[in-house]
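J.: Next comes entry.txt, compact mmCIF, C-alpha atoms:
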```txt
# COMPACT_ATOMS: atom_id res chain seq x y z
CA LYS K 1 0.00 0.00 0.00
CA ALA K 2 1.14 3.52 -0.64
CA GLY K 3 1.97 5.49 2.48
CA VAL K 4 0.53 8.77 3.71
CA THR K 5 1.28 11.58 1.30
CA GLN K 6 1.37 15.27 2.06
CA THR K 7 1.49 18.15 -0.36
CA PRO K 8 3.22 20.43 -0.73
CA ARG K 9 6.42 19.36 1.03
CA TYR K 10 7.70 22.92 1.42
CA LEU K 11 5.89 26.22 1.46
CA ILE K 12 6.95 29.81 2.01
CA LYS K 13 4.31 32.40 2.81
CA THR K 14 4.24 35.91 4.23
CA ARG K 15 2.42 37.16 7.30
CA GLY K 16 -1.28 37.71 6.77
CA GLN K 17 -1.61 35.18 3.96
CA GLN K 18 -3.50 31.95 4.22
CA VAL K 19 -2.36 28.44 3.38
CA THR K 20 -3.97 25.07 2.64
CA LEU K 21 -2.14 21.80 3.23
CA SER K 22 -3.28 18.48 1.89
CA CYS K 23 -3.04 14.94 3.22
CA SER K 24 -3.93 11.65 1.53
CA PRO K 25 -4.21 8.78 3.99
CA ILE K 26 -3.34 5.16 3.44
CA SER K 27 -6.02 3.45 1.39
CA GLY K 28 -8.78 2.17 3.68
CA HIS K 29 -7.88 4.43 6.60
CA ARG K 30 -10.70 6.73 7.59
CA SER K 31 -9.06 8.54 10.50
CA VAL K 32 -6.74 11.46 9.78
CA SER K 33 -4.96 13.50 12.44
CA TRP K 34 -2.92 16.66 12.08
CA TYR K 35 0.01 17.82 14.23
CA GLN K 36 2.17 20.90 14.39
CA GLN K 37 5.82 20.50 15.33
CA THR K 38 8.04 23.40 16.35
CA PRO K 39 11.38 23.44 18.20
CA GLY K 40 9.81 25.37 21.08
CA GLN K 41 6.49 23.57 21.55
CA GLY K 42 7.31 20.12 20.24
CA LEU K 43 4.60 17.97 18.66
CA GLN K 44 1.14 19.36 19.24
CA PHE K 45 -2.17 17.82 18.27
CA LEU K 46 -4.32 19.98 15.99
CA PHE K 47 -7.38 17.87 15.16
CA GLU K 48 -8.63 14.47 14.11
CA TYR K 49 -11.23 13.57 11.49
CA PHE K 50 -13.14 10.40 10.84
CA SER K 51 -15.69 9.99 8.06
CA GLU K 52 -15.74 13.72 7.42
CA THR K 53 -16.41 14.55 11.09
CA GLN K 54 -14.02 16.26 13.44
CA ARG K 55 -13.89 14.09 16.55
CA ASN K 56 -11.29 15.96 18.56
CA LYS K 57 -9.48 19.27 18.50
CA GLY K 58 -6.35 20.61 20.15
CA ASN K 59 -5.81 24.02 21.71
CA PHE K 60 -5.24 26.12 18.65
CA PRO K 61 -6.91 29.38 17.62
CA GLY K 62 -9.76 29.42 15.15
CA ARG K 63 -7.33 30.42 12.39
CA PHE K 64 -6.53 26.73 12.18
CA SER K 65 -9.24 24.69 10.54
CA GLY K 66 -9.55 21.46 8.69
CA ARG K 67 -11.87 19.23 6.80
CA GLN K 68 -12.10 15.73 5.46
CA PHE K 69 -13.61 14.61 2.20
CA SER K 70 -15.65 11.53 1.43
CA ASN K 71 -12.55 9.78 0.06
CA SER K 72 -10.84 10.39 3.47
CA ARG K 73 -8.39 12.91 2.06
CA SER K 74 -7.99 15.84 4.42
CA GLU K 75 -6.96 19.44 4.20
CA MET K 76 -5.99 21.90 6.86
CA ASN K 77 -6.12 25.63 6.46
CA VAL K 78 -4.36 28.37 8.36
CA SER K 79 -5.62 31.89 7.80
CA THR K 80 -3.93 35.19 8.62
CA LEU K 81 -0.53 33.57 9.00
CA GLU K 82 1.76 34.65 11.81
CA LEU K 83 5.52 34.19 12.13
CA GLY K 84 4.88 31.67 14.90
CA ASP K 85 2.99 29.40 12.50
CA SER K 86 6.29 28.42 10.92
CA ALA K 87 6.49 24.72 11.63
CA LEU K 88 6.49 21.19 10.29
CA TYR K 89 2.88 20.09 9.83
CA LEU K 90 2.42 16.36 10.07
CA CYS K 91 -0.55 14.30 9.03
CA ALA K 92 -1.19 10.76 10.24
CA SER K 93 -3.76 8.19 9.22
CA SER K 94 -5.12 5.28 11.19
CA SER K 95 -7.69 2.54 10.93
CA THR K 96 -9.02 3.54 14.37
CA ARG K 97 -12.75 3.20 14.60
CA ASP K 98 -13.88 3.12 18.19
CA THR K 99 -13.09 5.08 21.32
CA LYS K 100 -11.53 2.27 23.29
CA SER K 101 -8.13 2.14 21.74
CA THR K 102 -6.18 4.25 19.31
CA ASP K 103 -4.54 2.13 16.67
CA THR K 104 -1.18 2.67 15.09
CA GLN K 105 -0.82 5.98 13.33
CA TYR K 106 1.07 6.18 10.07
CA PHE K 107 2.68 9.54 9.47
CA GLY K 108 3.37 11.38 6.28
CA PRO K 109 6.68 13.17 5.62
CA GLY K 110 5.22 16.53 6.63
CA THR K 111 4.88 19.96 5.09
CA ARG K 112 7.50 22.48 6.13
CA LEU K 113 5.82 25.89 6.32
CA THR K 114 7.92 29.02 6.62
CA VAL K 115 6.19 32.32 7.33
CA LEU K 116 8.21 35.44 6.52
CA SER T 1 -5.42 10.60 25.81
CA GLN T 2 -2.59 11.83 27.97
CA GLN T 3 0.97 12.92 27.56
CA GLY T 4 3.86 10.60 28.12
CA GLU T 5 7.05 12.01 29.56
CA GLU T 6 10.24 10.57 28.14
CA ASP T 7 13.47 10.30 30.07
CA PRO T 8 16.30 11.07 29.54
CA GLN T 9 15.86 14.10 27.30
CA ALA T 10 19.05 13.20 25.46
CA LEU T 11 21.28 10.16 25.28
CA SER T 12 24.64 9.73 23.56
CA ILE T 13 26.17 6.28 23.16
CA GLN T 14 28.71 4.43 21.06
CA GLU T 15 27.71 2.17 18.21
CA GLY T 16 27.17 -1.36 19.49
CA GLU T 17 25.99 -0.27 22.93
CA ASN T 18 22.43 -0.63 24.18
CA ALA T 19 20.15 2.37 24.58
CA THR T 20 17.37 2.53 27.13
CA MET T 21 14.76 5.23 27.30
CA ASN T 22 11.83 5.52 29.65
CA CYS T 23 8.31 6.85 29.53
CA SER T 24 6.05 7.72 32.43
CA TYR T 25 2.36 8.56 32.34
CA LYS T 26 -0.32 9.45 34.85
CA THR T 27 -3.54 7.46 34.39
CA SER T 28 -4.65 4.01 33.24
CA ILE T 29 -4.10 3.26 29.60
CA ASN T 30 -5.44 1.00 26.86
CA ASN T 31 -2.14 0.82 25.04
CA LEU T 32 1.16 2.62 24.70
CA GLN T 33 2.98 3.24 21.46
CA TRP T 34 6.56 4.16 20.66
CA TYR T 35 7.52 6.22 17.63
CA ARG T 36 10.83 7.30 16.10
CA GLN T 37 11.50 10.51 14.21
CA ASN T 38 14.57 11.15 12.13
CA SER T 39 15.51 14.80 11.96
CA GLY T 40 12.80 16.92 10.33
CA ARG T 41 10.84 13.96 8.99
CA GLY T 42 7.62 12.16 9.79
CA LEU T 43 7.25 9.78 12.71
CA VAL T 44 7.61 6.06 12.25
CA HIS T 45 5.65 3.67 14.43
CA LEU T 46 7.88 1.19 16.28
CA ILE T 47 5.79 -0.86 18.69
CA LEU T 48 2.33 -0.89 20.27
CA ILE T 49 2.02 -2.61 23.65
CA ARG T 50 -1.40 -3.20 25.17
CA SER T 51 -2.21 -2.70 28.82
CA ASN T 52 -2.42 -6.47 29.44
CA GLU T 53 1.04 -7.09 27.97
CA ARG T 54 4.26 -6.77 29.92
CA GLU T 55 6.91 -7.12 27.24
CA LYS T 56 7.13 -7.02 23.49
CA HIS T 57 9.96 -7.51 21.03
CA SER T 58 10.53 -6.38 17.49
CA GLY T 59 13.95 -7.05 16.02
CA ARG T 60 16.48 -5.15 18.16
CA LEU T 61 13.71 -3.38 20.05
CA ARG T 62 12.32 -4.49 23.38
CA VAL T 63 9.50 -2.65 25.09
CA THR T 64 8.32 -3.27 28.62
CA LEU T 65 5.23 -1.97 30.33
CA ASP T 66 4.66 -1.74 34.08
CA THR T 67 1.11 -0.54 34.64
CA SER T 68 1.55 -0.53 38.42
CA LYS T 69 4.33 2.04 38.07
CA LYS T 70 2.71 3.70 35.06
CA SER T 71 5.90 3.43 33.09
CA SER T 72 7.33 1.90 29.96
CA SER T 73 10.83 1.45 28.65
CA LEU T 74 12.26 1.06 25.18
CA LEU T 75 15.52 -0.84 24.80
CA ILE T 76 17.47 -0.74 21.56
CA THR T 77 20.18 -3.39 21.53
CA ALA T 78 23.43 -3.18 19.56
CA SER T 79 22.75 0.40 18.49
CA ARG T 80 23.74 1.61 15.06
CA ALA T 81 24.43 5.11 13.77
CA ALA T 82 21.14 4.84 11.84
CA ASP T 83 19.29 4.64 15.17
CA THR T 84 20.15 8.30 15.77
CA ALA T 85 16.73 9.92 16.08
CA SER T 86 14.16 11.24 18.54
CA TYR T 87 11.96 8.68 20.24
CA PHE T 88 8.47 9.42 21.51
CA CYS T 89 6.03 7.46 23.59
CA ALA T 90 2.26 7.87 23.25
CA PRO T 91 0.06 6.43 26.01
CA HIS T 92 -3.55 6.01 24.92
CA THR T 93 -6.60 6.08 27.13
CA GLY T 94 -9.14 6.14 24.33
CA GLY T 95 -10.46 9.00 22.31
CA PHE T 96 -8.93 10.36 19.18
CA LYS T 97 -6.17 12.57 20.43
CA THR T 98 -2.51 11.67 20.70
CA ILE T 99 -0.38 13.84 22.93
CA PHE T 100 3.35 13.49 22.48
CA GLY T 101 5.97 14.45 25.02
CA ALA T 102 9.26 16.15 24.27
CA GLY T 103 10.87 12.85 23.33
CA THR T 104 14.32 11.40 23.94
CA ARG T 105 17.03 12.45 21.51
CA LEU T 106 19.35 9.52 20.88
CA PHE T 107 22.74 10.07 19.29
CA VAL T 108 24.72 6.98 18.32
CA LYS T 109 28.37 7.68 17.59
CA ALA T 110 30.05 5.58 14.93
```
Could you spell out this file's structure in structure tokens?

T.:
Amino acid sequence: KAGVTQTPRYLIKTRGQQVTLSCSPISGHRSVSWYQQTPGQGLQFLFEYFSETQRNKGNFPGRFSGRQFSNSRSEMNVSTLELGDSALYLCASSSTRDTKSTDTQYFGPGTRLTVL
Amino acid sequence: SQQGEEDPQALSIQEGENATMNCSYKTSINNLQWYRQNSGRGLVHLILIRSNEREKHSGRLRVTLDTSKKSSSLLITASRAADTASYFCAPHTGGFKTIFGAGTRLFVKA
């Protein structure tokens, strides 16, 4: 099976712009999670989607949003970019269905966003 | 889910030596997972150990889980330079949120 793919791999934006990142999960996986990784804050959970529904959300401002399509592909959007949004954005897919145990997550290579 | 706390924060060893890193957590879990991240890349899943398991092996990796102490350890035997990476534990209590700690940075000198 093909792994999790993320596009684009690198992105440079300026403050105030918006950006959309894309994630294609492993075929058959319906759960997609997004994480932000920075040197200062480490790996932080953004949100998780399953069958087009957001099931959980981290502590990020409303400028960060996401969605999932019927084919399980997911996008995340950051509006009004700030310098502090510069980070590696990671997407992970999983076959997790129920609430009792989180299955293995398979991560994509990430999108490196630089905000100037 | 809850955050795991890895210890030590950094570890430097010679090639061929064993590396042990620990993870502590606060409440009961369903399972605990270990991940590796090479610099600036995505995470790779290493092992998942369920709450009713005490030890699990995968190649040169050995993971133990002590639910009474709320701790887990990851042992990498006969380390190689390619094992240089950050290692994260992720204890899961259910739900759809994974919280990662700061990780252990392992440096294996050739």

J.: What does the structure give for the distance between atom CA of T:Gly4 and atom CA of K:Met76, in Å to one decimal?

T.: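 We find that atom CA of T:Gly4 and atom CA of K:Met76 lie 26.0 Å from each other.
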
J.: For T:Phe100, work out the shell of residues within 7 Å, counting all atoms listed in the file and skipping chain neighbours fewer than 4 positions away, then give it as a list in words.

T.: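 Those residues are Leu43 of chain K; Gln3, Gly4, Phe88, Cys89 and Ala90 of chain T.
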
J.: I'd like a table as a Markdown table: residues in stretch 21-51 of chain T with an atom no more than 7 Å from stretch 5-9 of chain T, each row giving the shortest atom pair and its distance in Å to one decimal, only C-alpha atoms counted, sorted by chain and rising residue number.

T.:
```
| residue | atom | partner | partner_atom | distance |
| --- | --- | --- | --- | --- |
| T:Met21 | CA | T:Asp7 | CA | 5.9 |
| T:Asn22 | CA | T:Asp7 | CA | 5.1 |
| T:Cys23 | CA | T:Glu6 | CA | 4.4 |
| T:Ser24 | CA | T:Glu5 | CA | 5.3 |
| T:Tyr25 | CA | T:Glu5 | CA | 6.5 |
```

J.: Counting only C-alpha atoms, find the residues whose atoms lie at most 10 Å from (9.0, -1.6, 26.2) (file coordinates) and write them out as a list of chain:residue names.

T.: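 Neighbouring residues, ordered by chain and number, come to T:Thr20, T:Met21, T:Asn22, T:Cys23, T:Leu32, T:Gln33, T:Trp34, T:Ile47, T:Leu48, T:Ile49, T:Glu53, T:Arg54, T:Glu55, T:Lys56, T:His57, T:Leu61, T:Arg62, T:Val63, T:Thr64, T:Leu65, T:Asp66, T:Ser71, T:Ser72, T:Ser73, T:Leu74, T:Leu75, T:Ile76, T:Cys89.
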
J.: For the residues selected in the previous step, produce a file with C-alpha atoms as a tab-separated table (two decimals), keeping the file's coordinate frame.

T.:
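To be explicit, this is the file written out as out-v4.tsv:
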```tsv
chain	number	residue	atom	x	y	z
T	20	THR	CA	17.37	2.53	27.13
T	21	MET	CA	14.76	5.23	27.30
T	22	ASN	CA	11.83	5.52	29.65
T	23	CYS	CA	8.31	6.85	29.53
T	32	LEU	CA	1.16	2.62	24.70
T	33	GLN	CA	2.98	3.24	21.46
T	34	TRP	CA	6.56	4.16	20.66
T	47	ILE	CA	5.79	-0.86	18.69
T	48	LEU	CA	2.33	-0.89	20.27
T	49	ILE	CA	2.02	-2.61	23.65
T	53	GLU	CA	1.04	-7.09	27.97
T	54	ARG	CA	4.26	-6.77	29.92
T	55	GLU	CA	6.91	-7.12	27.24
T	56	LYS	CA	7.13	-7.02	23.49
T	57	HIS	CA	9.96	-7.51	21.03
T	61	LEU	CA	13.71	-3.38	20.05
T	62	ARG	CA	12.32	-4.49	23.38
T	63	VAL	CA	9.50	-2.65	25.09
T	64	THR	CA	8.32	-3.27	28.62
T	65	LEU	CA	5.23	-1.97	30.33
T	66	ASP	CA	4.66	-1.74	34.08
T	71	SER	CA	5.90	3.43	33.09
T	72	SER	CA	7.33	1.90	29.96
T	73	SER	CA	10.83	1.45	28.65
T	74	LEU	CA	12.26	1.06	25.18
T	75	LEU	CA	15.52	-0.84	24.80
T	76	ILE	CA	17.47	-0.74	21.56
T	89	CYS	CA	6.03	7.46	23.59
```

J.: Around (-16.4, 15.6, 15.7) in the file's frame, which residues reach within 12 Å when counting all atoms listed in the file? Return as a PDB file with C-alpha atoms, in the coordinates of the input?

T.:
```pdb
ATOM      1  CA  SER K  31      -9.060   8.540  10.500  1.00  0.00           C
ATOM      2  CA  PHE K  47      -7.380  17.870  15.160  1.00  0.00           C
ATOM      3  CA  GLU K  48      -8.630  14.470  14.110  1.00  0.00           C
ATOM      4  CA  TYR K  49     -11.230  13.570  11.490  1.00  0.00           C
ATOM      5  CA  PHE K  50     -13.140  10.400  10.840  1.00  0.00           C
ATOM      6  CA  SER K  51     -15.690   9.990   8.060  1.00  0.00           C
ATOM      7  CA  GLU K  52     -15.740  13.720   7.420  1.00  0.00           C
ATOM      8  CA  THR K  53     -16.410  14.550  11.090  1.00  0.00           C
ATOM      9  CA  GLN K  54     -14.020  16.260  13.440  1.00  0.00           C
ATOM     10  CA  ARG K  55     -13.890  14.090  16.550  1.00  0.00           C
ATOM     11  CA  ASN K  56     -11.290  15.960  18.560  1.00  0.00           C
ATOM     12  CA  LYS K  57      -9.480  19.270  18.500  1.00  0.00           C
ATOM     13  CA  GLY K  66      -9.550  21.460   8.690  1.00  0.00           C
ATOM     14  CA  ARG K  67     -11.870  19.230   6.800  1.00  0.00           C
ATOM     15  CA  GLN K  68     -12.100  15.730   5.460  1.00  0.00           C
TER      16      GLN K  68
ATOM     17  CA  GLY T  95     -10.460   9.000  22.310  1.00  0.00           C
ATOM     18  CA  PHE T  96      -8.930  10.360  19.180  1.00  0.00           C
ATOM     19  CA  LYS T  97      -6.170  12.570  20.430  1.00  0.00           C
TER      20      LYS T  97
END
```

J.: May I have a table of the residues of chain T lying at most 7 Å from chain K, giving each one's closest pair of atoms and their distance in Å to one decimal, counting all atoms listed in the file, ordered by chain and ascending residue number, as a Markdown table?

T.:
```
| residue | atom | partner | partner_atom | distance |
| --- | --- | --- | --- | --- |
| T:Asn30 | CA | K:Ser101 | CA | 5.9 |
| T:Asn31 | CA | K:Ser101 | CA | 7.0 |
| T:Arg41 | CA | K:Pro109 | CA | 5.4 |
| T:Gly42 | CA | K:Pro109 | CA | 4.4 |
| T:Leu43 | CA | K:Phe107 | CA | 5.6 |
| T:Val44 | CA | K:Phe107 | CA | 6.6 |
| T:His45 | CA | K:Tyr106 | CA | 6.8 |
| T:His92 | CA | K:Thr102 | CA | 6.4 |
| T:Thr93 | CA | K:Ser101 | CA | 6.8 |
| T:Gly94 | CA | K:Lys100 | CA | 4.7 |
| T:Gly95 | CA | K:Thr99 | CA | 4.8 |
| T:Phe96 | CA | K:Asn56 | CA | 6.1 |
| T:Lys97 | CA | K:Asn56 | CA | 6.4 |
| T:Thr98 | CA | K:Phe45 | CA | 6.6 |
| T:Ile99 | CA | K:Phe45 | CA | 6.4 |
| T:Phe100 | CA | K:Leu43 | CA | 6.0 |
| T:Ala102 | CA | K:Gly42 | CA | 6.0 |
```

J.: Work out how far atom CA of K:Phe69 is from atom CA of K:Gly3, in Å to one decimal.

T.: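 Between these atoms lies a distance of 18.1 Å.
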
J.: Applying 9 Å and all atoms listed in the file, which residues near K:Ser27 remain after dropping the ones on its own chain fewer than 2 positions away? List them as a VMD selection string.

T.: chain K and resid 1 to 4 24 to 25 29 to 30 72

J.: If we count all atoms listed in the file and set the cut-off at 10 Å, which residues sit around K:Val78, ignoring sequence neighbours fewer than 2 positions away in its own chain? Please answer as a PyMOL selection string.

T.: chain K and resi 16-21+61-66+76+80-82+85

J.: Figure out the distance between atom CA of T:Asn38 and atom CA of T:Ala110, please, to one decimal in Å.

T.: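 Interatomic distance here is 16.7 Å.
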
J.: Could you check which of K:Ser79, K:Thr14, K:Ser94, K:Ser70 is closest to K:Thr114, using all atoms listed in the file?

T.: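 Under the stated criterion, the closest residue is K:Thr14.
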
J.: Taking only C-alpha atoms into account, name the residue in T:Arg50, T:Lys70, T:Lys109, T:Arg36 that is nearest to T:Glu17.

T.: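 Distance minimum relative to T:Glu17 lands on T:Lys109.
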